[in-house]
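Here's the structure we're looking at; comments come further down.
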Amino acid sequence: MHITSEQHLDDGVVAREFILGEIPGTLWTSGSAPAPLILTAHNNGLPRSEPRLVARARHSAAHGYAVASIDAAGCGERPRSASDERARAELRRAMRAGEPVDEIFESFIAPLVDKAVPEWRTTLDALLSLPGIGGPVGYSGWAALGIRLAAIEPRIAAAGFFAGGYVPHAQREEARQISVPLLLLLQWDDEGNPRQRALDLFDAFGSKEKTLHANMGGHVGTPWFEVEDGDRFFGRHLK
């Protein structure tokens, strides 16, 4: 892992940009004591520099966590293949037209999860070797990826998932294997994530401790207090 830049922010958080092979990422930290690590993952081609994602990461870092995000293949700085671009365009067209999207979604998202998981595990190895970062590890963000990681990665001790309406079939089955404490955030009027599917996914999780927070509004309308509640959730399980 090579640190390419370091920025000291006005809230006491230090943002370090890094590169790990072909994987670009950001690590946010504050203080000098060993801090539990939260991995924050995104989808839909968003860059890790998306302001609302950065705001969440900085808030958690300011409250004593080390927070890391990477641009997985097809996101942010990472190039997309022509087939990925076609799949994204077809998915958007079908959703606008109100057509069934399950087959398109499955063929598009499932390979993204398969590609992203090894990169996140490689990143986790590198992060845990840095001074000032320790376990246990939390995960926050994209549900499909998080389900796979929580099912196969023993270092993840707690997970927070967003949405969950459209999750590939393989991850819906893997959800039954998850036993770590989890928090699922659901936007009641999310135009891109069918509500009942998200509720069914929550029911399928095998965790004995699982919490569902549902709020009114669309996909990007998650209230800020959920960020604060998320930090309290991780505080119960990572500190």
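Identifiers for the structure tokens are assigned positionally: chains receive A, B, ... in sequence, residues are indexed from 1 per chain, and ligands are indexed from 1 in the order shown.
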Long-range neighbours of stretch 75-87 of chain A as a PDB file with C-alpha atoms, in the first residue's frame, 9 Å cut-off, only C-alpha atoms, 6 positions minimum in chain:
```pdb
ATOM      1  CA  GLU A  22      -4.716  -1.018  -9.154  1.00  0.00           C
ATOM      2  CA  ILE A  23      -7.010  -0.203  -6.226  1.00  0.00           C
ATOM      3  CA  PRO A  24      -7.344   3.476  -5.221  1.00  0.00           C
ATOM      4  CA  HIS A  42     -20.547   1.970  -2.451  1.00  0.00           C
ATOM      5  CA  ASN A  43     -22.078   0.905  -5.751  1.00  0.00           C
ATOM      6  CA  ASN A  44     -23.813   2.413  -8.797  1.00  0.00           C
ATOM      7  CA  GLY A  45     -20.507   3.653 -10.149  1.00  0.00           C
ATOM      8  CA  LEU A  46     -20.188   6.293  -7.430  1.00  0.00           C
ATOM      9  CA  PRO A  47     -16.703   7.539  -6.569  1.00  0.00           C
ATOM     10  CA  ARG A  48     -15.503   7.235  -2.993  1.00  0.00           C
ATOM     11  CA  SER A  49     -15.207  11.050  -3.098  1.00  0.00           C
ATOM     12  CA  GLU A  50     -18.995  11.476  -3.360  1.00  0.00           C
ATOM     13  CA  ILE A 104     -30.651  -7.713 -16.193  1.00  0.00           C
ATOM     14  CA  PHE A 105     -29.815  -6.968 -12.584  1.00  0.00           C
ATOM     15  CA  SER A 107     -26.342 -10.608 -14.898  1.00  0.00           C
ATOM     16  CA  PHE A 108     -24.908  -7.184 -14.074  1.00  0.00           C
TER      17      PHE A 108
END
```
- Item | Selection near A:Glu209, 7 Å with only C-alpha atoms, sequence-local residues under 2 positions removed, as a list in words |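 Neighbouring residues, sequence-local ones excluded: Pro181, Leu182, Ser207 and Thr211 of chain A.
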Exercise: A:Pro131 partners within 10 Å, only C-alpha atoms, chain neighbours under 4 positions left out, as a PDB file with C-alpha atoms, in the first residue's frame:
```
ATOM      1  CA  SER A  32      -3.310   8.086  17.797  1.00  0.00           C
ATOM      2  CA  ALA A  33      -4.813   5.163  19.740  1.00  0.00           C
ATOM      3  CA  PRO A  34      -5.465   1.891  17.893  1.00  0.00           C
ATOM      4  CA  ALA A  35      -8.890   2.339  16.299  1.00  0.00           C
ATOM      5  CA  LEU A 127      -5.133  -1.821   6.358  1.00  0.00           C
TER       6      LEU A 127
END
```
- Query: Mind checking DSSP for stretch 35-144 of chain A and telling me the alpha helix (DSSP H) residues as a PyMOL selection string?
  - Reply: chain A and resi 51-62+82-97+102-128+143-144
- Query: Leaving out A:Met95 and any residue of its chain fewer than 6 positions from it, which residues lie within 12 Å of it when counting only C-alpha atoms, given as a PyMOL selection string?
  - Reply: chain A and resi 88-89+101-102+104-105+191-194
Write to file, as a JSON list (two decimals), in the first residue's frame, the residues of the selection just made, with N, CA, C and O atoms.
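Now in again-v6.json:
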```json
[["chain", "number", "residue", "atom", "x", "y", "z"],
["A", 88, "ARG", "N", -25.51, -1.18, -17.60],
["A", 88, "ARG", "CA", -26.03, -0.07, -16.81],
["A", 88, "ARG", "C", -27.10, 0.69, -17.60],
["A", 88, "ARG", "O", -28.16, 1.06, -17.05],
["A", 89, "ALA", "N", -26.83, 0.93, -18.87],
["A", 89, "ALA", "CA", -27.80, 1.65, -19.70],
["A", 89, "ALA", "C", -29.09, 0.85, -19.86],
["A", 89, "ALA", "O", -30.19, 1.42, -19.79],
["A", 101, "VAL", "N", -36.72, -6.20, -14.30],
["A", 101, "VAL", "CA", -35.28, -5.97, -14.37],
["A", 101, "VAL", "C", -34.48, -7.08, -13.69],
["A", 101, "VAL", "O", -33.25, -7.01, -13.66],
["A", 102, "ASP", "N", -35.14, -8.09, -13.16],
["A", 102, "ASP", "CA", -34.43, -9.11, -12.40],
["A", 102, "ASP", "C", -33.30, -9.77, -13.19],
["A", 102, "ASP", "O", -32.19, -9.93, -12.69],
["A", 104, "ILE", "N", -31.71, -8.68, -15.90],
["A", 104, "ILE", "CA", -30.65, -7.71, -16.19],
["A", 104, "ILE", "C", -29.81, -7.48, -14.95],
["A", 104, "ILE", "O", -28.58, -7.48, -14.99],
["A", 105, "PHE", "N", -30.50, -7.26, -13.83],
["A", 105, "PHE", "CA", -29.81, -6.97, -12.58],
["A", 105, "PHE", "C", -28.90, -8.11, -12.18],
["A", 105, "PHE", "O", -27.75, -7.89, -11.80],
["A", 191, "GLU", "N", -37.20, 4.35, -4.80],
["A", 191, "GLU", "CA", -37.67, 4.00, -6.13],
["A", 191, "GLU", "C", -36.85, 2.89, -6.77],
["A", 191, "GLU", "O", -37.31, 2.23, -7.71],
["A", 192, "GLY", "N", -35.64, 2.65, -6.28],
["A", 192, "GLY", "CA", -34.78, 1.65, -6.89],
["A", 192, "GLY", "C", -34.65, 0.37, -6.11],
["A", 192, "GLY", "O", -33.92, -0.54, -6.53],
["A", 193, "ASN", "N", -35.34, 0.26, -4.97],
["A", 193, "ASN", "CA", -35.22, -0.94, -4.14],
["A", 193, "ASN", "C", -36.60, -1.33, -3.61],
["A", 193, "ASN", "O", -37.11, -0.69, -2.69],
["A", 194, "PRO", "N", -37.21, -2.36, -4.21],
["A", 194, "PRO", "CA", -38.56, -2.75, -3.78],
["A", 194, "PRO", "C", -38.61, -3.05, -2.28],
["A", 194, "PRO", "O", -37.83, -3.82, -1.75]]
```
- Would you mind listing what lies within 9 Å of stretch 51-65 of chain A as a PyMOL selection string, with only C-alpha atoms counted and same-chain residues fewer than 2 positions away left out? chain A and resi 11-15+27-31+33-38+40+42+47-49+67-69+133+224+227-228+230-231
Find the spatial neighbours of A:Asp125, counting only C-alpha atoms, within a cut-off of 12 Å - ignore same-chain residues fewer than 6 positions away - and output them as a PDB file with all heavy atoms, in the first residue's frame.
```pdb
ATOM      1  N   MET A   1       0.852  -1.193   0.000  1.00  0.00           N
ATOM      2  CA  MET A   1       0.000   0.000   0.000  1.00  0.00           C
ATOM      3  C   MET A   1       0.890   1.246   0.000  1.00  0.00           C
ATOM      4  O   MET A   1       1.778   1.369   0.830  1.00  0.00           O
ATOM      5  CB  MET A   1      -0.918   0.009   1.223  1.00  0.00           C
ATOM      6  CG  MET A   1      -1.749   1.273   1.352  1.00  0.00           C
ATOM      7  SD  MET A   1      -2.815   1.287   2.819  1.00  0.00           S
ATOM      8  CE  MET A   1      -4.071   0.122   2.313  1.00  0.00           C
ATOM      9  N   LEU A  20      -3.237   0.642  -3.902  1.00  0.00           N
ATOM     10  CA  LEU A  20      -2.837  -0.724  -3.594  1.00  0.00           C
ATOM     11  C   LEU A  20      -2.958  -1.530  -4.876  1.00  0.00           C
ATOM     12  O   LEU A  20      -4.060  -1.954  -5.241  1.00  0.00           O
ATOM     13  CB  LEU A  20      -3.737  -1.300  -2.491  1.00  0.00           C
ATOM     14  CG  LEU A  20      -3.455  -2.719  -2.008  1.00  0.00           C
ATOM     15  CD1 LEU A  20      -2.057  -2.817  -1.390  1.00  0.00           C
ATOM     16  CD2 LEU A  20      -4.515  -3.153  -0.993  1.00  0.00           C
ATOM     17  N   LEU A  37     -11.743  -0.617  12.801  1.00  0.00           N
ATOM     18  CA  LEU A  37     -11.838  -0.272  11.380  1.00  0.00           C
ATOM     19  C   LEU A  37     -13.247  -0.504  10.851  1.00  0.00           C
ATOM     20  O   LEU A  37     -13.857  -1.537  11.130  1.00  0.00           O
ATOM     21  CB  LEU A  37     -10.839  -1.127  10.588  1.00  0.00           C
ATOM     22  CG  LEU A  37     -10.864  -1.020   9.064  1.00  0.00           C
ATOM     23  CD1 LEU A  37     -10.464   0.385   8.609  1.00  0.00           C
ATOM     24  CD2 LEU A  37      -9.939  -2.074   8.451  1.00  0.00           C
ATOM     25  N   LEU A  39     -15.130  -0.588   7.118  1.00  0.00           N
ATOM     26  CA  LEU A  39     -15.044  -0.552   5.663  1.00  0.00           C
ATOM     27  C   LEU A  39     -16.344   0.027   5.119  1.00  0.00           C
ATOM     28  O   LEU A  39     -17.427  -0.431   5.478  1.00  0.00           O
ATOM     29  CB  LEU A  39     -14.852  -1.968   5.106  1.00  0.00           C
ATOM     30  CG  LEU A  39     -13.693  -2.786   5.680  1.00  0.00           C
ATOM     31  CD1 LEU A  39     -13.707  -4.192   5.078  1.00  0.00           C
ATOM     32  CD2 LEU A  39     -12.363  -2.103   5.423  1.00  0.00           C
ATOM     33  N   PRO A 118     -12.596  -9.957  -3.672  1.00  0.00           N
ATOM     34  CA  PRO A 118     -11.149 -10.161  -3.488  1.00  0.00           C
ATOM     35  C   PRO A 118     -10.396  -8.849  -3.278  1.00  0.00           C
ATOM     36  O   PRO A 118      -9.431  -8.802  -2.501  1.00  0.00           O
ATOM     37  CB  PRO A 118     -10.721 -10.850  -4.787  1.00  0.00           C
ATOM     38  CG  PRO A 118     -11.963 -11.463  -5.343  1.00  0.00           C
ATOM     39  CD  PRO A 118     -13.064 -10.526  -4.957  1.00  0.00           C
ATOM     40  N   GLU A 119     -10.825  -7.767  -3.954  1.00  0.00           N
ATOM     41  CA  GLU A 119     -10.143  -6.486  -3.775  1.00  0.00           C
ATOM     42  C   GLU A 119     -10.355  -5.943  -2.362  1.00  0.00           C
ATOM     43  O   GLU A 119      -9.425  -5.393  -1.763  1.00  0.00           O
ATOM     44  CB  GLU A 119     -10.646  -5.486  -4.810  1.00  0.00           C
ATOM     45  CG  GLU A 119     -10.264  -5.852  -6.228  1.00  0.00           C
ATOM     46  CD  GLU A 119     -10.509  -4.742  -7.216  1.00  0.00           C
ATOM     47  OE1 GLU A 119     -11.328  -3.845  -6.934  1.00  0.00           O
ATOM     48  OE2 GLU A 119      -9.879  -4.765  -8.287  1.00  0.00           O
ATOM     49  N   ILE A 133      -4.298   0.964  13.557  1.00  0.00           N
ATOM     50  CA  ILE A 133      -5.554   0.340  13.142  1.00  0.00           C
ATOM     51  C   ILE A 133      -5.594  -1.070  13.689  1.00  0.00           C
ATOM     52  O   ILE A 133      -4.645  -1.842  13.524  1.00  0.00           O
ATOM     53  CB  ILE A 133      -5.693   0.315  11.609  1.00  0.00           C
ATOM     54  CG1 ILE A 133      -5.723   1.732  11.054  1.00  0.00           C
ATOM     55  CG2 ILE A 133      -6.959  -0.432  11.199  1.00  0.00           C
ATOM     56  CD1 ILE A 133      -5.836   1.798   9.554  1.00  0.00           C
ATOM     57  N   GLY A 134      -6.687  -1.401  14.328  1.00  0.00           N
ATOM     58  CA  GLY A 134      -6.834  -2.746  14.879  1.00  0.00           C
ATOM     59  C   GLY A 134      -8.222  -3.277  14.632  1.00  0.00           C
ATOM     60  O   GLY A 134      -9.090  -2.600  14.105  1.00  0.00           O
ATOM     61  N   GLY A 135      -8.424  -4.504  15.029  1.00  0.00           N
ATOM     62  CA  GLY A 135      -9.746  -5.080  14.940  1.00  0.00           C
ATOM     63  C   GLY A 135     -10.531  -4.737  16.183  1.00  0.00           C
ATOM     64  O   GLY A 135     -10.003  -4.090  17.102  1.00  0.00           O
ATOM     65  N   VAL A 137     -13.492  -5.485  13.007  1.00  0.00           N
ATOM     66  CA  VAL A 137     -13.780  -4.758  11.777  1.00  0.00           C
ATOM     67  C   VAL A 137     -15.292  -4.696  11.559  1.00  0.00           C
ATOM     68  O   VAL A 137     -16.005  -5.684  11.757  1.00  0.00           O
ATOM     69  CB  VAL A 137     -13.110  -5.442  10.568  1.00  0.00           C
ATOM     70  CG1 VAL A 137     -13.444  -4.710   9.269  1.00  0.00           C
ATOM     71  CG2 VAL A 137     -11.606  -5.521  10.770  1.00  0.00           C
ATOM     72  N   GLU A 153     -15.837 -13.614   5.498  1.00  0.00           N
ATOM     73  CA  GLU A 153     -14.701 -12.944   6.113  1.00  0.00           C
ATOM     74  C   GLU A 153     -14.860 -12.937   7.637  1.00  0.00           C
ATOM     75  O   GLU A 153     -15.651 -12.166   8.183  1.00  0.00           O
ATOM     76  CB  GLU A 153     -14.599 -11.511   5.577  1.00  0.00           C
ATOM     77  CG  GLU A 153     -13.475 -10.686   6.165  1.00  0.00           C
ATOM     78  CD  GLU A 153     -12.135 -11.390   6.128  1.00  0.00           C
ATOM     79  OE1 GLU A 153     -11.544 -11.504   5.035  1.00  0.00           O
ATOM     80  OE2 GLU A 153     -11.691 -11.819   7.212  1.00  0.00           O
ATOM     81  N   ARG A 155     -13.126 -11.749   9.962  1.00  0.00           N
ATOM     82  CA  ARG A 155     -12.692 -10.558  10.682  1.00  0.00           C
ATOM     83  C   ARG A 155     -13.792  -9.506  10.804  1.00  0.00           C
ATOM     84  O   ARG A 155     -13.656  -8.564  11.582  1.00  0.00           O
ATOM     85  CB  ARG A 155     -11.449  -9.972  10.001  1.00  0.00           C
ATOM     86  CG  ARG A 155     -10.214 -10.847  10.151  1.00  0.00           C
ATOM     87  CD  ARG A 155      -9.049 -10.348   9.317  1.00  0.00           C
ATOM     88  NE  ARG A 155      -9.280 -10.530   7.890  1.00  0.00           N
ATOM     89  CZ  ARG A 155      -8.382 -10.275   6.943  1.00  0.00           C
ATOM     90  NH1 ARG A 155      -7.181  -9.823   7.293  1.00  0.00           N
ATOM     91  NH2 ARG A 155      -8.660 -10.463   5.667  1.00  0.00           N
TER      92      ARG A 155
END
```
- Task: Using only C-alpha atoms, determine which residues lie at most 9 Å from A:Gly217, disregarding the query and same-chain residues fewer than 6 positions distant; provide the list as a PyMOL selection string.
- Result: chain A and resi 187-190
- Message: I need the residues in stretch 57-136 of chain A that are strand (DSSP E) according to DSSP; give them as a list in words.
- Response: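 DSSP-assigned strand (DSSP E) residues in stretch 57-136 of chain A: Ala66, Val67, Ala68, Ser69, Ile70, Ile133, Gly134, Gly135 and Pro136 of chain A.
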- Message: I need the residue nearest A:Glu226 from this list: A:Leu186, A:Ala204, A:Leu199, A:Ala66. Use only C-alpha atoms for the distance.
- Response: A:Leu186
